[in-house]
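Working notes, structure below.
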Amino acid sequence: MTGERLRVSVERVAHGGHCVARHDGRVIFVRHTLPGEVVDVVITGEGPRGSYLRADAVDVVEASPDRVEPRCPHAGPGRCGGCDWQHVTVTGQRELKAEVLREQLARLGGVTEIGGRPLVEAVSVEPVAGDVDGLSWRTRVAYAVDDDGVVGLRRHRSHEIEPVEHCPLVTDAVDGTAVTGRRWPGSERLEVVASSTGDRALVVHPRTPADVTAGLPEDVAVPGTRGRRWVRERAGGRDWRVDAAGFWQVHPGAANALVSAVHAALRPRTGEHLLDLYAGVGLFAGVLAADLGPEGSVDAVEASARACADARRNLHDVAGVRIHERAVASWLRHAAPDRADIVVLDPPRSGAGKEVMAAVLERRPRAVAYVACDPAALGRDVGLARAAGWRLASVRGLDLFPLTQHVEAVALLLPDHA
Ligand SMILES: C[S@@+](CC[C@H](N)C(=O)[O-])C[C@H]1O[C@@H](n2cnc3c(N)ncnc32)[C@H](O)[C@@H]1O
């Protein structure tokens, strides 16, 4: 079947950046297309035991009104795997992301309405400040390097590398490192981390051969070889130190957008006790603590030692914040207080899961703000909360990853009686 060419009518968008079509009763997940299109596809693979097919649209027979010419020469079937939706208008992308959020909340979370409004009205995806038509937002990039030392980006579901000199998604600071302008023999991977503030960028190189800095501008640091190993970020009115290997949102407008969405959802009150779970370098703890006053307190929990070290530095002047370097589940099981007033849950892609959700909700907070980077994990965790007597009070989708299928969401969970 792989390599076969078929004509299909495309149905809805699905989680993962492709759309659903059918052939002889089998589902085909098609990339490079849009709902409502008729396209010719080439089959690229099969799911386990042939349960479904994967395909690329190679010719468009009937185009969607949301289709545009890709703005990157590396986009298209068999090419760079970084962008899923180069062929879609920016507003069309946001509608697709909203549709995925709604579908995952309904299917995995059992949600049919939010505050009496149908999901189609209650769930949308907003652009963030500083967005310029979806381009020039990537402050962190993991480049792949081929056997000849040429820098590029991985092709979709492949170990093959698409050589890329300029990716239109990266910021000027990333481009300014000039890493794509030279060869990196002996390397497999190269990360560039650039601050959103315009400060100097870092090139994180796993092997650091002797000539690692050759050809790089002098103000570009290479951790372990020259300069510092952290960047300064700014969000919520504060500066943040973030280690080269630490987590920080990639879009320059993301941290402020998330802080303000979480703040609006939780409305922290004086004297409250906040749990900031999966706290990173302390972003939510540091910003929300200002509203809790001298009687308030924060427990911030984060597993990475480097992130905790940065969080301690970042929050040294914020009273009432305790930073716990520990896995969230273990901290909740063994060390957490019995009660909390408000909770921020910002887990990795896999979501919080059964044990963490149960332990959080048992502490009977008045509100939980769930920050999700995977709509499926959000759907599952919302389903767990609903089964425990909670309701989904609001969801805001944020377009933190334009031109890709990824979407961030901030969901507010409230006890059912509130
Ligand atoms: C999505 S990031 C959020 C970071 C932070 N809230 C922010 O907005 O910058 C998730 C964080 O969870 C941490 N993490 C992952 N698994 C964890 C676990 N089981 N327990 C505690 N922290 C964990 C990661 O190191 C990462 O810093």
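The way I read the labels, and the way they are meant: chains A, B, ... in the order of the structure tokens, residue 1 as the first residue of every chain, and ligand 1 as the first ligand shown, with later ones counted on from there.
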Tell me, as a JSON list (two decimals) with C-alpha atoms, in the first residue's frame, which residues lie within 8 Å of range 75-90 of chain A, counting only C-alpha atoms; anything in the same chain fewer than 4 positions away does not count.
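To be explicit, this is the file written out as part01.json:
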[["chain", "number", "residue", "atom", "x", "y", "z"],
["A", 17, "GLY", "CA", -1.67, 18.01, 12.63],
["A", 18, "HIS", "CA", -3.30, 15.84, 10.02],
["A", 31, "ARG", "CA", -0.86, 15.72, 6.09],
["A", 32, "HIS", "CA", -0.59, 18.89, 3.97],
["A", 33, "THR", "CA", -4.34, 19.18, 3.47],
["A", 34, "LEU", "CA", -7.39, 20.85, 5.05],
["A", 56, "ASP", "CA", 0.74, 13.08, 2.22],
["A", 57, "ALA", "CA", -1.45, 15.23, -0.03],
["A", 58, "VAL", "CA", 0.62, 15.78, -3.17],
["A", 66, "ASP", "CA", -8.09, 28.66, 4.04],
["A", 67, "ARG", "CA", -5.27, 27.37, 1.80],
["A", 68, "VAL", "CA", -2.28, 29.67, 1.07],
["A", 69, "GLU", "CA", 1.15, 29.27, -0.53],
["A", 70, "PRO", "CA", 3.69, 28.14, 2.12],
["A", 71, "ARG", "CA", 6.04, 30.94, 3.12],
["A", 94, "ARG", "CA", -6.30, 28.90, 14.95],
["A", 133, "ASP", "CA", 1.81, 36.66, 10.94],
["A", 134, "GLY", "CA", 3.06, 33.54, 12.70],
["A", 153, "LEU", "CA", 15.87, 20.18, 10.56],
["A", 154, "ARG", "CA", 14.42, 16.68, 10.69],
["A", 155, "ARG", "CA", 11.92, 15.58, 8.08],
["A", 156, "HIS", "CA", 8.51, 14.44, 9.35],
["A", 157, "ARG", "CA", 8.67, 11.00, 11.10],
["A", 161, "ILE", "CA", 17.65, 15.85, 7.63],
["A", 162, "GLU", "CA", 16.44, 18.74, 5.48],
["A", 402, "PRO", "CA", 2.06, 29.39, 14.94],
["A", 403, "LEU", "CA", 2.39, 27.36, 11.73],
["A", 404, "THR", "CA", 2.63, 24.14, 13.74],
["A", 405, "GLN", "CA", -0.24, 22.00, 15.00]]
Environment of ligand 1 within 9 Å, counting only C-alpha atoms and all ligand atoms, reported as a compact mmCIF listing (two decimals) with N, CA and C atoms, in the first residue's frame:
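Once written, result24.txt looks like this:
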# COMPACT_ATOMS: atom_id res chain seq x y z
N GLY A 246 17.25 24.53 30.74
CA GLY A 246 16.00 24.68 31.51
C GLY A 246 14.81 25.00 30.62
N PHE A 247 13.63 24.91 31.20
CA PHE A 247 12.40 25.18 30.42
C PHE A 247 12.04 26.66 30.45
N TRP A 248 11.76 27.19 29.28
CA TRP A 248 11.12 28.50 29.15
C TRP A 248 10.30 28.45 27.88
N GLN A 249 9.16 29.12 27.86
CA GLN A 249 8.33 29.10 26.66
C GLN A 249 9.10 29.64 25.46
N ALA A 255 5.17 33.74 27.74
CA ALA A 255 5.18 33.76 29.22
C ALA A 255 4.20 34.81 29.74
N LEU A 258 0.59 33.60 29.23
CA LEU A 258 0.19 32.55 30.17
C LEU A 258 -0.02 33.10 31.57
N VAL A 259 0.91 33.97 31.99
CA VAL A 259 0.79 34.55 33.33
C VAL A 259 -0.53 35.31 33.43
N ASP A 276 2.23 25.83 43.18
CA ASP A 276 2.68 25.97 41.79
C ASP A 276 3.39 24.66 41.44
N LEU A 277 2.67 23.77 40.75
CA LEU A 277 3.19 22.42 40.49
C LEU A 277 3.78 22.36 39.08
N TYR A 278 4.96 21.78 38.96
CA TYR A 278 5.77 21.80 37.72
C TYR A 278 6.18 23.26 37.48
N ALA A 279 6.94 23.78 38.44
CA ALA A 279 7.12 25.24 38.55
C ALA A 279 8.21 25.81 37.67
N GLY A 280 9.07 24.98 37.07
CA GLY A 280 10.15 25.51 36.23
C GLY A 280 11.02 26.46 37.03
N VAL A 281 11.32 27.63 36.46
CA VAL A 281 12.19 28.59 37.14
C VAL A 281 11.37 29.56 38.00
N GLY A 282 10.10 29.21 38.26
CA GLY A 282 9.31 29.96 39.25
C GLY A 282 8.37 31.00 38.69
N LEU A 283 8.07 30.94 37.38
CA LEU A 283 7.29 31.99 36.73
C LEU A 283 5.96 32.29 37.44
N PHE A 284 5.10 31.27 37.59
CA PHE A 284 3.77 31.54 38.16
C PHE A 284 3.88 31.88 39.65
N ALA A 285 4.74 31.16 40.37
CA ALA A 285 4.92 31.43 41.80
C ALA A 285 5.31 32.88 42.01
N VAL A 301 6.85 23.40 43.20
CA VAL A 301 7.44 22.06 43.12
C VAL A 301 7.97 21.81 41.71
N GLU A 302 9.23 21.39 41.64
CA GLU A 302 9.89 21.22 40.35
C GLU A 302 10.96 20.14 40.51
N ALA A 303 11.05 19.23 39.52
CA ALA A 303 11.97 18.10 39.65
C ALA A 303 13.40 18.44 39.22
N SER A 304 13.57 19.39 38.32
CA SER A 304 14.92 19.65 37.79
C SER A 304 15.75 20.48 38.77
N ALA A 305 16.94 19.96 39.08
CA ALA A 305 17.82 20.66 40.04
C ALA A 305 18.24 22.02 39.47
N ARG A 306 18.55 22.05 38.17
CA ARG A 306 18.99 23.32 37.56
C ARG A 306 17.87 24.35 37.60
N ALA A 307 16.62 23.91 37.28
CA ALA A 307 15.49 24.85 37.30
C ALA A 307 15.27 25.35 38.72
N CYS A 308 15.39 24.46 39.70
CA CYS A 308 15.19 24.89 41.10
C CYS A 308 16.26 25.90 41.52
N GLU A 325 12.53 20.77 45.47
CA GLU A 325 13.15 20.06 44.32
C GLU A 325 12.74 18.59 44.43
N ARG A 326 11.66 18.25 43.76
CA ARG A 326 11.10 16.91 43.93
C ARG A 326 10.08 16.62 42.84
N ALA A 327 9.83 15.36 42.56
CA ALA A 327 8.76 15.00 41.62
C ALA A 327 7.43 15.36 42.27
N VAL A 328 6.50 15.91 41.48
CA VAL A 328 5.24 16.40 42.02
C VAL A 328 4.46 15.30 42.75
N ALA A 329 4.36 14.11 42.13
CA ALA A 329 3.56 13.03 42.74
C ALA A 329 4.12 12.67 44.11
N SER A 330 5.44 12.57 44.19
CA SER A 330 6.07 12.18 45.46
C SER A 330 5.89 13.28 46.51
N TRP A 331 6.01 14.54 46.10
CA TRP A 331 5.82 15.64 47.06
C TRP A 331 4.37 15.64 47.58
N VAL A 344 -1.74 26.00 40.50
CA VAL A 344 -1.37 26.03 39.08
C VAL A 344 -0.76 24.67 38.77
N LEU A 345 -1.31 24.04 37.74
CA LEU A 345 -0.78 22.74 37.28
C LEU A 345 -0.25 22.97 35.87
N ASP A 346 1.05 22.81 35.66
CA ASP A 346 1.64 23.07 34.34
C ASP A 346 2.54 21.89 33.96
N PRO A 347 1.92 20.71 33.76
CA PRO A 347 2.73 19.50 33.58
C PRO A 347 3.36 19.41 32.19
N PRO A 348 4.32 18.49 32.00
CA PRO A 348 4.83 18.23 30.66
C PRO A 348 3.76 17.59 29.78
N ARG A 349 4.10 17.29 28.54
CA ARG A 349 3.10 16.83 27.55
C ARG A 349 2.25 15.66 28.01
N SER A 350 2.82 14.79 28.84
CA SER A 350 2.07 13.59 29.27
C SER A 350 0.90 13.95 30.19
N ALA A 352 -0.90 15.59 33.92
CA ALA A 352 -0.70 15.38 35.36
C ALA A 352 -0.98 13.93 35.73
N VAL A 371 -2.47 24.44 32.92
CA VAL A 371 -1.80 24.95 31.72
C VAL A 371 -1.38 23.73 30.90
N ALA A 372 -1.93 23.61 29.69
CA ALA A 372 -1.75 22.37 28.93
C ALA A 372 -1.07 22.63 27.60
N CYS A 373 -0.07 21.80 27.27
CA CYS A 373 0.53 21.91 25.93
C CYS A 373 0.08 20.76 25.04
Sort by chain and increasing residue number a table of all residues of range 59-78 of chain A within 12 Å of range 3-9 of chain A, each with its closest pair of atoms and their distance in Å to one decimal, counting only C-alpha atoms, and write it as a Markdown table.
| residue | atom | partner | partner_atom | distance |
| --- | --- | --- | --- | --- |
| A:Asp59 | CA | A:Arg7 | CA | 9.2 |
| A:Val60 | CA | A:Arg7 | CA | 9.6 |
| A:Val61 | CA | A:Arg7 | CA | 8.7 |
| A:Glu62 | CA | A:Ser9 | CA | 9.1 |
| A:Ala63 | CA | A:Ser9 | CA | 10.8 |
| A:Ser64 | CA | A:Ser9 | CA | 11.5 |
Expected file: the selected residues, N, CA and C atoms, as a PDB file, in the first residue's frame:
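What ended up in part_36.pdb:
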ATOM      1  N   ASP A  59      -1.289  16.549  -4.488  1.00  0.00           N
ATOM      2  CA  ASP A  59      -1.950  17.422  -5.466  1.00  0.00           C
ATOM      3  C   ASP A  59      -3.301  17.833  -4.918  1.00  0.00           C
ATOM      4  N   VAL A  60      -3.624  19.116  -5.060  1.00  0.00           N
ATOM      5  CA  VAL A  60      -4.896  19.607  -4.549  1.00  0.00           C
ATOM      6  C   VAL A  60      -5.866  19.709  -5.710  1.00  0.00           C
ATOM      7  N   VAL A  61      -6.979  18.979  -5.608  1.00  0.00           N
ATOM      8  CA  VAL A  61      -7.982  18.983  -6.682  1.00  0.00           C
ATOM      9  C   VAL A  61      -9.020  20.064  -6.390  1.00  0.00           C
ATOM     10  N   GLU A  62      -9.515  20.099  -5.156  1.00  0.00           N
ATOM     11  CA  GLU A  62     -10.430  21.178  -4.728  1.00  0.00           C
ATOM     12  C   GLU A  62      -9.861  21.769  -3.454  1.00  0.00           C
ATOM     13  N   ALA A  63      -9.502  23.056  -3.499  1.00  0.00           N
ATOM     14  CA  ALA A  63      -8.798  23.679  -2.375  1.00  0.00           C
ATOM     15  C   ALA A  63      -9.760  24.292  -1.364  1.00  0.00           C
ATOM     16  N   SER A  64      -9.351  24.302  -0.104  1.00  0.00           N
ATOM     17  CA  SER A  64     -10.090  25.007   0.946  1.00  0.00           C
ATOM     18  C   SER A  64      -9.846  26.511   0.798  1.00  0.00           C
TER      19      SER A  64
END
Please list as a PDB file with N, CA and C atoms, in the first residue's frame every residue within 10 Å of Ala106 in chain A, counting only C-alpha atoms and excluding residues in the same chain fewer than 5 positions away.
ATOM      1  N   VAL A 100      -9.451  20.991  17.455  1.00  0.00           N
ATOM      2  CA  VAL A 100      -8.767  19.873  18.122  1.00  0.00           C
ATOM      3  C   VAL A 100      -9.012  19.946  19.636  1.00  0.00           C
ATOM      4  N   LEU A 101      -8.917  21.144  20.204  1.00  0.00           N
ATOM      5  CA  LEU A 101      -9.177  21.297  21.645  1.00  0.00           C
ATOM      6  C   LEU A 101     -10.595  20.829  21.990  1.00  0.00           C
ATOM      7  N   VAL A 111     -16.714  16.518  28.015  1.00  0.00           N
ATOM      8  CA  VAL A 111     -17.251  17.879  28.151  1.00  0.00           C
ATOM      9  C   VAL A 111     -18.162  18.175  26.953  1.00  0.00           C
ATOM     10  N   THR A 112     -19.402  18.609  27.236  1.00  0.00           N
ATOM     11  CA  THR A 112     -20.317  18.936  26.132  1.00  0.00           C
ATOM     12  C   THR A 112     -20.619  20.430  26.080  1.00  0.00           C
ATOM     13  N   GLU A 113     -20.445  21.121  27.196  1.00  0.00           N
ATOM     14  CA  GLU A 113     -20.652  22.574  27.231  1.00  0.00           C
ATOM     15  C   GLU A 113     -19.773  23.160  28.324  1.00  0.00           C
ATOM     16  N   LEU A 119     -19.449  23.952  23.033  1.00  0.00           N
ATOM     17  CA  LEU A 119     -17.989  24.050  22.893  1.00  0.00           C
ATOM     18  C   LEU A 119     -17.577  24.926  21.717  1.00  0.00           C
ATOM     19  N   GLY A 379      -7.633  16.821  27.940  1.00  0.00           N
ATOM     20  CA  GLY A 379      -8.927  16.126  27.911  1.00  0.00           C
ATOM     21  C   GLY A 379      -8.987  15.019  28.961  1.00  0.00           C
ATOM     22  N   ARG A 380      -7.917  14.220  29.038  1.00  0.00           N
ATOM     23  CA  ARG A 380      -7.907  13.106  30.010  1.00  0.00           C
ATOM     24  C   ARG A 380      -7.978  13.624  31.439  1.00  0.00           C
ATOM     25  N   VAL A 382      -9.043  16.572  32.522  1.00  0.00           N
ATOM     26  CA  VAL A 382     -10.351  17.197  32.785  1.00  0.00           C
ATOM     27  C   VAL A 382     -11.387  16.095  33.060  1.00  0.00           C
ATOM     28  N   GLY A 383     -11.292  14.991  32.325  1.00  0.00           N
ATOM     29  CA  GLY A 383     -12.197  13.859  32.560  1.00  0.00           C
ATOM     30  C   GLY A 383     -12.053  13.329  33.991  1.00  0.00           C
TER      31      GLY A 383
END
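The space separating CA of Thr177 in chain A from CA of Ala245 in chain A comes to 17.6 Å.
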| request: Compare A:Pro127, A:Gly271, A:Pro252, A:Pro163 by their minimum atom-to-atom distance to Ala409 in chain A, counting only C-alpha atoms, and give me the closest one. | output: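 Closest residue, counting only C-alpha atoms: A:Pro127.
One finds CA of Leu413 in chain A at 21.0 Å from CA of Asp399 in chain A.
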| DSSP-assigned strand (DSSP E) members of range 89-271 of chain A, reported as a VMD selection string | chain A and resid 113 to 114 117 to 118 125 to 126 140 to 145 151 to 154 161 to 163 189 to 194 201 to 204 230 to 235 238 to 243
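Here CA of Arg391 in chain A is placed at a distance of 29.1 Å from CA of Gly253 in chain A.
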| task | Write out as a ChimeraX atom specification all residues of range 7-232 of chain A that backbone DSSP assigns to helix (DSSP H, G or I). | result | /A:48-50,90-109,119-122,172-175,179-181
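Nearest residue to Ala98 in chain A among A:His205, A:Arg26, A:Arg117, A:His15 is A:His15, counting only C-alpha atoms.
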| query | Got a sec: who's within 12 Å of Ser260 in chain A, counting only C-alpha atoms, leaving out chain neighbours fewer than 6 positions off, as a PyMOL selection string? | reply | chain A and resi 128-129+235-237+253-254+266-268+283-284+287-288+369+371+396+398+410
| request: Between A:Thr270, A:Asn314, A:Gln104, A:Thr139, single out the one closest to Ser297 in chain A, counting only C-alpha atoms. | output: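 Closest candidate: A:Thr270.
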| field | Neighbour list for Ala265 in chain A as a list in words, cut-off 7 Å, only C-alpha atoms, skip fewer than 3 positions in-chain | value | Ala261, Val262, Ala369 and Leu412 of chain A
| task | Give me the residues within 12 Å of Gly47 in chain A as JSON, numbers by chain, counting only C-alpha atoms and dropping any in the same chain fewer than 3 places off. | result | {"A": [1, 2, 26, 27, 28, 29, 43, 44, 50, 51, 52, 53, 54, 55]}
